[in-house]
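Trainee: Right, I'll just put the structure down here and ask away after.
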Amino acid sequence: MTTLSPEILAELEKQSIELPSWAFGNSGTRFRVFGTPGTPRDPYEKIADAAQVHAHTALAPIVALHIPWDLVDSYDDLRRHAEDLGVSLGTVNSNTFQDEDYRFGALTHEDDRIRRKAIDHHFACIDVMHATGSRDLKIWLAEGSNYPGQNDMRARQDRLQDSLQQIYARLGDAQRLVLEYKFFEPAFYHTDVPDWGTSYAQVAALGERAMVCLDTGHHAPGTNIEFIVMQLLRLGKLGSFDFNSRFYADDDLIVGAADPFQLFRILSEVIRGGGLNNPDVAFMLDQCHNIEAKIPGQIRSVLNVQEMTARALLIDREALAAAQRSNDVLGANAVLMDAFYTDVRPALADWREQRGLPADPMAAFLASGYLERISAERVGGAQAGWGA
Ligand code: PSV
Ligand code: MN
């Protein structure tokens, strides 16, 4: 069995992954949203489910919120609820993609009334962050156009910068703004923040506490994502990850499911660039579980990140550097592949047991009876989903 050195275990012990509250609600495609017995009906129940993931893995102590999906009367109360369950509230995600007014844009809109409304929504998110103790405001924009000539792309960049400046100026001293990019959808011809370069240009003009969010699903097929990771770390602007998997588009599947090797390569660059367990780089999941059970889906996800981090930590960096220096093409590649092909699962299971955690968190959760209990208890009310 492969053994993991004390140094590697010390790194793994520090690892912390933020879960998206929306992963616990129902989701689906434009064809059908399937309900699941026991799906949370409010943010309190979403947080209770997220706490189960942490209880079984010790990997996921933070839950990201989405406003207005996670609107509650008192965020102090929600914060206490989370703390009672052993987790804390993390990144606040704004939402300017589900209101009639935003048909033609929000932070880029040419109508000052609508742009004001979108900026004010972000101010409201910052108020939530003060109550929850959240550090990061994450902005993903659904803005762009569908037809050539439809919009003045240049004017929209200028308005975006002005809107972001207003939002940035409103942040508390310890708070940050992270701007996510996505190359298409729901706009298909042009997207206002389509790539890391645009996100970087927009946040670099704001200041030190504005960073880029890299969602692994938001790139064209074949994109070398680990290159982007390297570059953003090099520039000191990688604020957060939204981890997920894609086969075709923005599929939001379980991280490490579609392309485990890509996840390994990304984590290898994270380690190389000093981004692992670096408080400046938040590890978040941005996933939806359309047909599988949600809590086990999240447990599988955080374990995938942990397993791939362990493998990336196994890379013999000295041997790799020596092979690279001597232009030993195949030797360098072999060093990487040796680590990638190492099965760390038995060693991680052992280590979990030594720390009083279940060796097999998936099995332990399924045996705990929690799913049966919430299915029986959560009767009546509307199940949470996109828009709730
Ligand atoms: C839409 O693509 C999206 O998945 C973005 O990645 C956001 O992070 C997420 O929704 C929540 O707003
Ligand atoms: Mn995302």
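To be explicit about the labels: the chains of the structure tokens are called A, B, and onward in the order shown, and within each one the residues are counted from 1, while ligands get numbers from 1 in the order they are shown.
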Can you tell me, as JSON, numbers by chain, what residues are no more than 9 Å from range 167-175 of chain A when counting only C-alpha atoms, ignoring any on the same chain fewer than 3 positions away?
Mentor: {"A": [119, 120, 122, 123, 126, 129, 130, 134, 135, 136, 137, 162, 163, 164, 206, 207, 209, 210]}
Trainee: Quick one: write out the picked residues with N, CA and C atoms as a PDB file, in the first residue's frame?
Mentor:
```pdb
ATOM      1  N   ILE A 119     -26.633  46.935  -9.250  1.00  0.00           N
ATOM      2  CA  ILE A 119     -25.579  47.339  -8.300  1.00  0.00           C
ATOM      3  C   ILE A 119     -26.136  47.268  -6.873  1.00  0.00           C
ATOM      4  N   ASP A 120     -27.376  47.752  -6.708  1.00  0.00           N
ATOM      5  CA  ASP A 120     -27.994  47.723  -5.368  1.00  0.00           C
ATOM      6  C   ASP A 120     -28.155  46.284  -4.867  1.00  0.00           C
ATOM      7  N   HIS A 122     -26.083  43.941  -5.360  1.00  0.00           N
ATOM      8  CA  HIS A 122     -24.771  43.580  -4.815  1.00  0.00           C
ATOM      9  C   HIS A 122     -24.519  44.263  -3.462  1.00  0.00           C
ATOM     10  N   PHE A 123     -25.035  45.481  -3.315  1.00  0.00           N
ATOM     11  CA  PHE A 123     -24.923  46.132  -1.991  1.00  0.00           C
ATOM     12  C   PHE A 123     -25.674  45.295  -0.950  1.00  0.00           C
ATOM     13  N   ILE A 126     -23.644  42.451   0.075  1.00  0.00           N
ATOM     14  CA  ILE A 126     -22.565  42.843   1.006  1.00  0.00           C
ATOM     15  C   ILE A 126     -23.128  42.983   2.423  1.00  0.00           C
ATOM     16  N   MET A 129     -23.211  39.645   3.784  1.00  0.00           N
ATOM     17  CA  MET A 129     -21.856  39.204   4.143  1.00  0.00           C
ATOM     18  C   MET A 129     -21.433  39.727   5.514  1.00  0.00           C
ATOM     19  N   HIS A 130     -21.868  40.959   5.834  1.00  0.00           N
ATOM     20  CA  HIS A 130     -21.523  41.502   7.154  1.00  0.00           C
ATOM     21  C   HIS A 130     -22.161  40.663   8.256  1.00  0.00           C
ATOM     22  N   SER A 134     -19.053  36.499   6.015  1.00  0.00           N
ATOM     23  CA  SER A 134     -18.461  36.007   4.767  1.00  0.00           C
ATOM     24  C   SER A 134     -17.386  36.960   4.270  1.00  0.00           C
ATOM     25  N   ARG A 135     -16.397  36.383   3.636  1.00  0.00           N
ATOM     26  CA  ARG A 135     -15.328  37.231   3.090  1.00  0.00           C
ATOM     27  C   ARG A 135     -15.570  37.601   1.637  1.00  0.00           C
ATOM     28  N   ASP A 136     -16.070  36.645   0.846  1.00  0.00           N
ATOM     29  CA  ASP A 136     -16.069  36.838  -0.609  1.00  0.00           C
ATOM     30  C   ASP A 136     -17.453  37.076  -1.195  1.00  0.00           C
ATOM     31  N   LEU A 137     -17.499  38.043  -2.094  1.00  0.00           N
ATOM     32  CA  LEU A 137     -18.686  38.278  -2.926  1.00  0.00           C
ATOM     33  C   LEU A 137     -18.343  37.729  -4.306  1.00  0.00           C
ATOM     34  N   ASP A 162     -17.454  50.431 -14.437  1.00  0.00           N
ATOM     35  CA  ASP A 162     -18.039  51.429 -13.541  1.00  0.00           C
ATOM     36  C   ASP A 162     -18.893  50.745 -12.462  1.00  0.00           C
ATOM     37  N   SER A 163     -19.704  49.783 -12.868  1.00  0.00           N
ATOM     38  CA  SER A 163     -20.550  49.067 -11.886  1.00  0.00           C
ATOM     39  C   SER A 163     -19.677  48.355 -10.854  1.00  0.00           C
ATOM     40  N   LEU A 164     -18.641  47.665 -11.340  1.00  0.00           N
ATOM     41  CA  LEU A 164     -17.778  46.917 -10.414  1.00  0.00           C
ATOM     42  C   LEU A 164     -17.060  47.860  -9.462  1.00  0.00           C
ATOM     43  N   LEU A 206      -9.611  47.273 -10.385  1.00  0.00           N
ATOM     44  CA  LEU A 206     -10.338  47.609  -9.146  1.00  0.00           C
ATOM     45  C   LEU A 206      -9.393  47.754  -7.959  1.00  0.00           C
ATOM     46  N   GLY A 207      -8.530  46.767  -7.784  1.00  0.00           N
ATOM     47  CA  GLY A 207      -7.627  46.832  -6.632  1.00  0.00           C
ATOM     48  C   GLY A 207      -7.276  45.457  -6.125  1.00  0.00           C
ATOM     49  N   ARG A 209      -8.107  43.655  -3.587  1.00  0.00           N
ATOM     50  CA  ARG A 209      -9.089  42.708  -3.050  1.00  0.00           C
ATOM     51  C   ARG A 209     -10.109  42.266  -4.095  1.00  0.00           C
ATOM     52  N   ALA A 210      -9.769  42.445  -5.343  1.00  0.00           N
ATOM     53  CA  ALA A 210     -10.610  41.927  -6.428  1.00  0.00           C
ATOM     54  C   ALA A 210      -9.808  40.854  -7.148  1.00  0.00           C
TER      55      ALA A 210
END
```
Trainee: Give me the residues near range 151-154 of chain A as a PyMOL selection string, where near means some atom within 10 Å (using only C-alpha atoms) and where sequence neighbours in that chain fewer than 2 positions away do not count.
Mentor: chain A and resi 104+108+110+144-149+156-160+190-192
Trainee: Quick one: residues within 9 Å of Gly38 in chain A, only C-alpha atoms, excluding same-chain residues fewer than 5 positions away - as a VMD selection string?
Mentor: chain A and resid 371 to 379 383
Trainee: Rank A:Trp386, A:Phe264, A:Tyr75, A:Phe365 by their smallest atom-to-atom distance to ligand 1, using only C-alpha atoms and all ligand atoms, and report the top residue only.
Mentor: A:Trp386
Trainee: Range 85-92 of chain A: which residues within 8 Å, counting only C-alpha atoms, same-chain residues fewer than 5 positions away excluded, as a list in words?
Mentor: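 In the requested format, the answer is Glu18, Ala48, Ala51, His54, Ala60, Pro61, Ile62, Val63, Ala64, Leu65, His66, Ile67, Arg79, Cys125, Val128, Met129, Thr132, Gly133, Ser134, Arg135, Asp136, Leu137 and Lys138 of chain A.
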Trainee: How would you write, as a PDB file with N, CA, C and O atoms, in the first residue's frame, the set of residues no farther than 8 Å from ligand 1 when counting only C-alpha atoms and all ligand atoms?
Mentor:
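Final file, part-v6.pdb:
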```
ATOM      1  N   HIS A  66     -26.363  31.688  -1.904  1.00  0.00           N
ATOM      2  CA  HIS A  66     -26.758  32.313  -3.166  1.00  0.00           C
ATOM      3  C   HIS A  66     -27.966  33.195  -2.872  1.00  0.00           C
ATOM      4  O   HIS A  66     -28.970  32.713  -2.354  1.00  0.00           O
ATOM      5  N   ASN A  93     -22.960  34.494  -3.264  1.00  0.00           N
ATOM      6  CA  ASN A  93     -23.100  34.581  -4.727  1.00  0.00           C
ATOM      7  C   ASN A  93     -24.267  35.487  -5.069  1.00  0.00           C
ATOM      8  O   ASN A  93     -25.379  35.288  -4.567  1.00  0.00           O
ATOM      9  N   SER A  94     -24.030  36.456  -5.905  1.00  0.00           N
ATOM     10  CA  SER A  94     -25.130  37.335  -6.334  1.00  0.00           C
ATOM     11  C   SER A  94     -25.866  36.665  -7.487  1.00  0.00           C
ATOM     12  O   SER A  94     -25.411  35.673  -8.068  1.00  0.00           O
ATOM     13  N   ASN A  95     -27.012  37.233  -7.827  1.00  0.00           N
ATOM     14  CA  ASN A  95     -27.827  36.638  -8.879  1.00  0.00           C
ATOM     15  C   ASN A  95     -28.504  37.755  -9.661  1.00  0.00           C
ATOM     16  O   ASN A  95     -29.414  38.415  -9.168  1.00  0.00           O
ATOM     17  N   LYS A 138     -19.082  36.720  -4.732  1.00  0.00           N
ATOM     18  CA  LYS A 138     -18.779  36.141  -6.047  1.00  0.00           C
ATOM     19  C   LYS A 138     -19.793  36.628  -7.067  1.00  0.00           C
ATOM     20  O   LYS A 138     -20.997  36.525  -6.862  1.00  0.00           O
ATOM     21  N   ILE A 139     -19.261  37.137  -8.171  1.00  0.00           N
ATOM     22  CA  ILE A 139     -20.131  37.672  -9.224  1.00  0.00           C
ATOM     23  C   ILE A 139     -19.954  36.850 -10.483  1.00  0.00           C
ATOM     24  O   ILE A 139     -18.850  36.748 -11.035  1.00  0.00           O
ATOM     25  N   TRP A 140     -21.020  36.227 -10.898  1.00  0.00           N
ATOM     26  CA  TRP A 140     -21.060  35.607 -12.221  1.00  0.00           C
ATOM     27  C   TRP A 140     -22.164  36.297 -13.013  1.00  0.00           C
ATOM     28  O   TRP A 140     -23.288  36.449 -12.534  1.00  0.00           O
ATOM     29  N   ALA A 142     -24.571  36.770 -16.380  1.00  0.00           N
ATOM     30  CA  ALA A 142     -25.192  36.040 -17.501  1.00  0.00           C
ATOM     31  C   ALA A 142     -25.329  36.964 -18.704  1.00  0.00           C
ATOM     32  O   ALA A 142     -26.206  36.778 -19.535  1.00  0.00           O
ATOM     33  N   GLU A 180     -16.219  35.854 -11.791  1.00  0.00           N
ATOM     34  CA  GLU A 180     -16.180  34.576 -12.517  1.00  0.00           C
ATOM     35  C   GLU A 180     -16.373  34.824 -14.012  1.00  0.00           C
ATOM     36  O   GLU A 180     -17.123  35.701 -14.412  1.00  0.00           O
ATOM     37  N   LYS A 182     -17.097  33.017 -18.010  1.00  0.00           N
ATOM     38  CA  LYS A 182     -17.732  31.854 -18.645  1.00  0.00           C
ATOM     39  C   LYS A 182     -17.829  32.134 -20.134  1.00  0.00           C
ATOM     40  O   LYS A 182     -18.331  33.189 -20.519  1.00  0.00           O
ATOM     41  N   GLU A 185     -23.175  31.115 -22.814  1.00  0.00           N
ATOM     42  CA  GLU A 185     -24.391  30.719 -22.131  1.00  0.00           C
ATOM     43  C   GLU A 185     -24.668  31.531 -20.875  1.00  0.00           C
ATOM     44  O   GLU A 185     -23.799  31.554 -19.999  1.00  0.00           O
ATOM     45  N   ASP A 215     -14.029  28.829 -12.750  1.00  0.00           N
ATOM     46  CA  ASP A 215     -14.960  27.693 -12.735  1.00  0.00           C
ATOM     47  C   ASP A 215     -14.453  26.706 -13.768  1.00  0.00           C
ATOM     48  O   ASP A 215     -14.359  27.027 -14.962  1.00  0.00           O
ATOM     49  N   GLY A 217     -15.683  24.341 -15.287  1.00  0.00           N
ATOM     50  CA  GLY A 217     -16.595  23.982 -16.375  1.00  0.00           C
ATOM     51  C   GLY A 217     -16.793  25.067 -17.413  1.00  0.00           C
ATOM     52  O   GLY A 217     -17.522  24.870 -18.383  1.00  0.00           O
ATOM     53  N   HIS A 218     -16.157  26.209 -17.221  1.00  0.00           N
ATOM     54  CA  HIS A 218     -16.458  27.363 -18.071  1.00  0.00           C
ATOM     55  C   HIS A 218     -15.439  27.614 -19.180  1.00  0.00           C
ATOM     56  O   HIS A 218     -15.120  28.763 -19.492  1.00  0.00           O
ATOM     57  N   ASP A 242     -14.323  27.364  -8.703  1.00  0.00           N
ATOM     58  CA  ASP A 242     -15.598  26.655  -8.683  1.00  0.00           C
ATOM     59  C   ASP A 242     -15.293  25.323  -9.344  1.00  0.00           C
ATOM     60  O   ASP A 242     -15.137  25.237 -10.571  1.00  0.00           O
ATOM     61  N   ASP A 250     -21.658  23.531 -19.707  1.00  0.00           N
ATOM     62  CA  ASP A 250     -21.529  23.872 -18.295  1.00  0.00           C
ATOM     63  C   ASP A 250     -22.288  22.817 -17.494  1.00  0.00           C
ATOM     64  O   ASP A 250     -23.279  23.104 -16.842  1.00  0.00           O
ATOM     65  N   ASP A 252     -21.840  21.018 -14.817  1.00  0.00           N
ATOM     66  CA  ASP A 252     -21.910  21.042 -13.342  1.00  0.00           C
ATOM     67  C   ASP A 252     -21.948  19.646 -12.712  1.00  0.00           C
ATOM     68  O   ASP A 252     -22.622  19.429 -11.708  1.00  0.00           O
ATOM     69  N   ASP A 286     -19.023  24.061  -7.410  1.00  0.00           N
ATOM     70  CA  ASP A 286     -20.219  24.659  -8.012  1.00  0.00           C
ATOM     71  C   ASP A 286     -20.863  23.539  -8.817  1.00  0.00           C
ATOM     72  O   ASP A 286     -20.534  23.337  -9.981  1.00  0.00           O
ATOM     73  N   GLN A 287     -21.718  22.790  -8.156  1.00  0.00           N
ATOM     74  CA  GLN A 287     -22.253  21.584  -8.780  1.00  0.00           C
ATOM     75  C   GLN A 287     -23.752  21.482  -8.559  1.00  0.00           C
ATOM     76  O   GLN A 287     -24.304  22.084  -7.643  1.00  0.00           O
TER      77      GLN A 287
END
```
Trainee: CA of Leu4 in chain A and CA of Pro260 in chain A are how many Å apart?
Mentor: 19.9 Å
Trainee: What are the DSSP strand (DSSP E) residues of range 63-278 of chain A, as a VMD selection string?
Mentor: chain A and resid 63 to 66 88 to 93 136 to 140 144 to 145 176 to 180 190 to 191 210 to 215 238 to 243
Trainee: Which residues, written as number ranges by chain, have at least one atom at most 12 Å from range 308-311 of chain A, with only C-alpha atoms counted and residues fewer than 4 positions away on the same chain left out?
Mentor: A: 2-17, 255-257, 259-272, 275-277, 283, 301-304, 315-316, 335-348
Trainee: Which residues are near Phe24 in chain A? Cut-off 10 Å, only C-alpha atoms, ignore same chain within fewer than 2 positions. Put them as a list in words.
Mentor: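 Here the qualifying residues turn out to be Leu19, Pro20, Ser21, Trp22, Asn26, Ser27, Gly38, Thr39, Pro40, Arg41, Pro43, Glu45, Lys46, Ile47, Ala48, Asp49, Ala50, Gln287, Cys288, His289, Ala293, Lys294, Ile295, Gly297, Gln298, Ala384 and Gly385 of chain A.
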Trainee: To one decimal in Å, tell me the separation between CA of Arg246 in chain A and CA of Ala258 in chain A.
Mentor: 6.2 Å
Trainee: Per DSSP on the backbone, what are the helix (DSSP H, G or I) residues of range 67-313 of chain A, as number ranges by chain?
Mentor: A: 75-84, 100-102, 112-132, 153-170, 196-204, 225-234, 260-272, 294-313
Trainee: Those same residues, written as a compact mmCIF listing (two decimals), in the first residue's frame with C-alpha atoms?
Mentor:
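Result file selection_15.txt:
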```txt
# COMPACT_ATOMS: atom_id res chain seq x y z
CA TYR A 75 -28.63 36.06 8.83
CA ASP A 76 -27.38 36.24 12.41
CA ASP A 77 -29.74 33.39 13.13
CA LEU A 78 -28.63 31.44 10.04
CA ARG A 79 -25.03 31.95 11.05
CA ARG A 80 -25.73 30.58 14.56
CA HIS A 81 -27.56 27.64 13.03
CA ALA A 82 -24.52 26.86 10.87
CA GLU A 83 -22.11 27.21 13.78
CA ASP A 84 -24.26 24.91 15.94
CA GLU A 100 -37.33 40.21 -16.03
CA ASP A 101 -35.39 43.46 -15.87
CA TYR A 102 -32.14 41.70 -16.76
CA ASP A 112 -29.31 53.44 -15.67
CA ARG A 113 -32.34 52.30 -13.67
CA ILE A 114 -31.64 48.64 -14.35
CA ARG A 115 -27.91 48.98 -13.81
CA ARG A 116 -28.63 50.75 -10.51
CA LYS A 117 -30.92 47.91 -9.49
CA ALA A 118 -28.20 45.35 -10.23
CA ILE A 119 -25.58 47.34 -8.30
CA ASP A 120 -27.99 47.72 -5.37
CA HIS A 121 -28.51 43.95 -5.36
CA HIS A 122 -24.77 43.58 -4.81
CA PHE A 123 -24.92 46.13 -1.99
CA ALA A 124 -27.62 43.95 -0.40
CA CYS A 125 -25.32 40.93 -0.80
CA ILE A 126 -22.57 42.84 1.01
CA ASP A 127 -25.00 43.54 3.87
CA VAL A 128 -25.62 39.80 4.07
CA MET A 129 -21.86 39.20 4.14
CA HIS A 130 -21.52 41.50 7.15
CA ALA A 131 -24.09 39.45 9.05
CA THR A 132 -22.76 36.04 8.00
CA MET A 153 -19.45 45.43 -26.73
CA ARG A 154 -16.95 48.17 -25.89
CA ALA A 155 -19.53 50.37 -24.12
CA ARG A 156 -20.66 47.35 -22.12
CA GLN A 157 -17.09 46.77 -20.85
CA ASP A 158 -16.94 50.39 -19.74
CA ARG A 159 -20.26 50.20 -17.92
CA LEU A 160 -19.19 46.91 -16.32
CA GLN A 161 -16.05 48.53 -14.95
CA ASP A 162 -18.04 51.43 -13.54
CA SER A 163 -20.55 49.07 -11.89
CA LEU A 164 -17.78 46.92 -10.41
CA GLN A 165 -16.03 49.98 -9.07
CA GLN A 166 -19.15 51.00 -7.20
CA ILE A 167 -19.53 47.50 -5.76
CA TYR A 168 -15.85 47.24 -4.86
CA ALA A 169 -15.96 50.59 -3.05
CA ARG A 170 -18.77 49.27 -0.88
CA TRP A 196 -9.81 34.81 -17.57
CA GLY A 197 -8.17 37.69 -19.42
CA THR A 198 -11.30 39.81 -19.34
CA SER A 199 -11.95 38.95 -15.72
CA TYR A 200 -8.34 39.77 -14.91
CA ALA A 201 -8.48 43.10 -16.75
CA GLN A 202 -11.68 44.06 -14.94
CA VAL A 203 -10.49 43.09 -11.44
CA ALA A 204 -6.95 44.40 -11.89
CA ILE A 225 -6.98 25.03 -17.69
CA GLU A 226 -3.87 24.33 -15.64
CA PHE A 227 -2.04 26.95 -17.69
CA ILE A 228 -4.63 29.51 -16.59
CA VAL A 229 -4.23 28.35 -13.00
CA MET A 230 -0.47 28.81 -13.26
CA GLN A 231 -0.83 32.28 -14.79
CA LEU A 232 -3.39 33.57 -12.28
CA LEU A 233 -1.33 32.29 -9.36
CA ARG A 234 1.73 33.89 -10.88
CA PRO A 260 -9.69 12.97 -13.35
CA PHE A 261 -6.38 13.63 -15.09
CA GLN A 262 -7.35 17.23 -15.74
CA LEU A 263 -8.15 17.67 -12.04
CA PHE A 264 -4.74 16.18 -11.21
CA ARG A 265 -2.99 18.60 -13.59
CA ILE A 266 -4.86 21.55 -12.12
CA LEU A 267 -3.96 20.56 -8.56
CA SER A 268 -0.38 20.00 -9.58
CA GLU A 269 -0.18 23.63 -10.74
CA VAL A 270 -2.00 24.79 -7.61
CA ILE A 271 0.71 23.15 -5.50
CA ARG A 272 3.50 24.41 -7.76
CA LYS A 294 -27.27 15.09 -3.29
CA ILE A 295 -25.46 14.54 0.02
CA PRO A 296 -23.60 11.44 -1.26
CA GLY A 297 -22.87 13.43 -4.44
CA GLN A 298 -21.16 16.11 -2.37
CA ILE A 299 -19.31 13.53 -0.25
CA ARG A 300 -18.00 11.89 -3.45
CA SER A 301 -16.96 15.35 -4.71
CA VAL A 302 -14.88 16.41 -1.72
CA LEU A 303 -13.25 12.97 -1.58
CA ASN A 304 -12.34 13.30 -5.26
CA VAL A 305 -10.63 16.62 -4.55
CA GLN A 306 -8.82 15.15 -1.55
CA GLU A 307 -7.66 12.05 -3.43
CA MET A 308 -6.39 14.06 -6.36
CA THR A 309 -4.65 16.53 -4.06
CA ALA A 310 -2.88 13.61 -2.38
CA ARG A 311 -1.76 12.27 -5.75
CA ALA A 312 -0.52 15.70 -6.83
CA LEU A 313 1.37 16.01 -3.54
```
Trainee: For the atom pair CA of Thr57 in chain A and CA of Pro358 in chain A, what is the interatomic distance in Å to one decimal place?
Mentor: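 Separation of CA of Thr57 in chain A and CA of Pro358 in chain A: 7.7 Å.
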Trainee: Which is closest to ligand 2 among A:Met1, A:Ala23, A:Leu107, A:Val72, if we use only C-alpha atoms and all ligand atoms?
Mentor: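 Among the listed residues, the smallest separation from ligand 2 belongs to A:Ala23.
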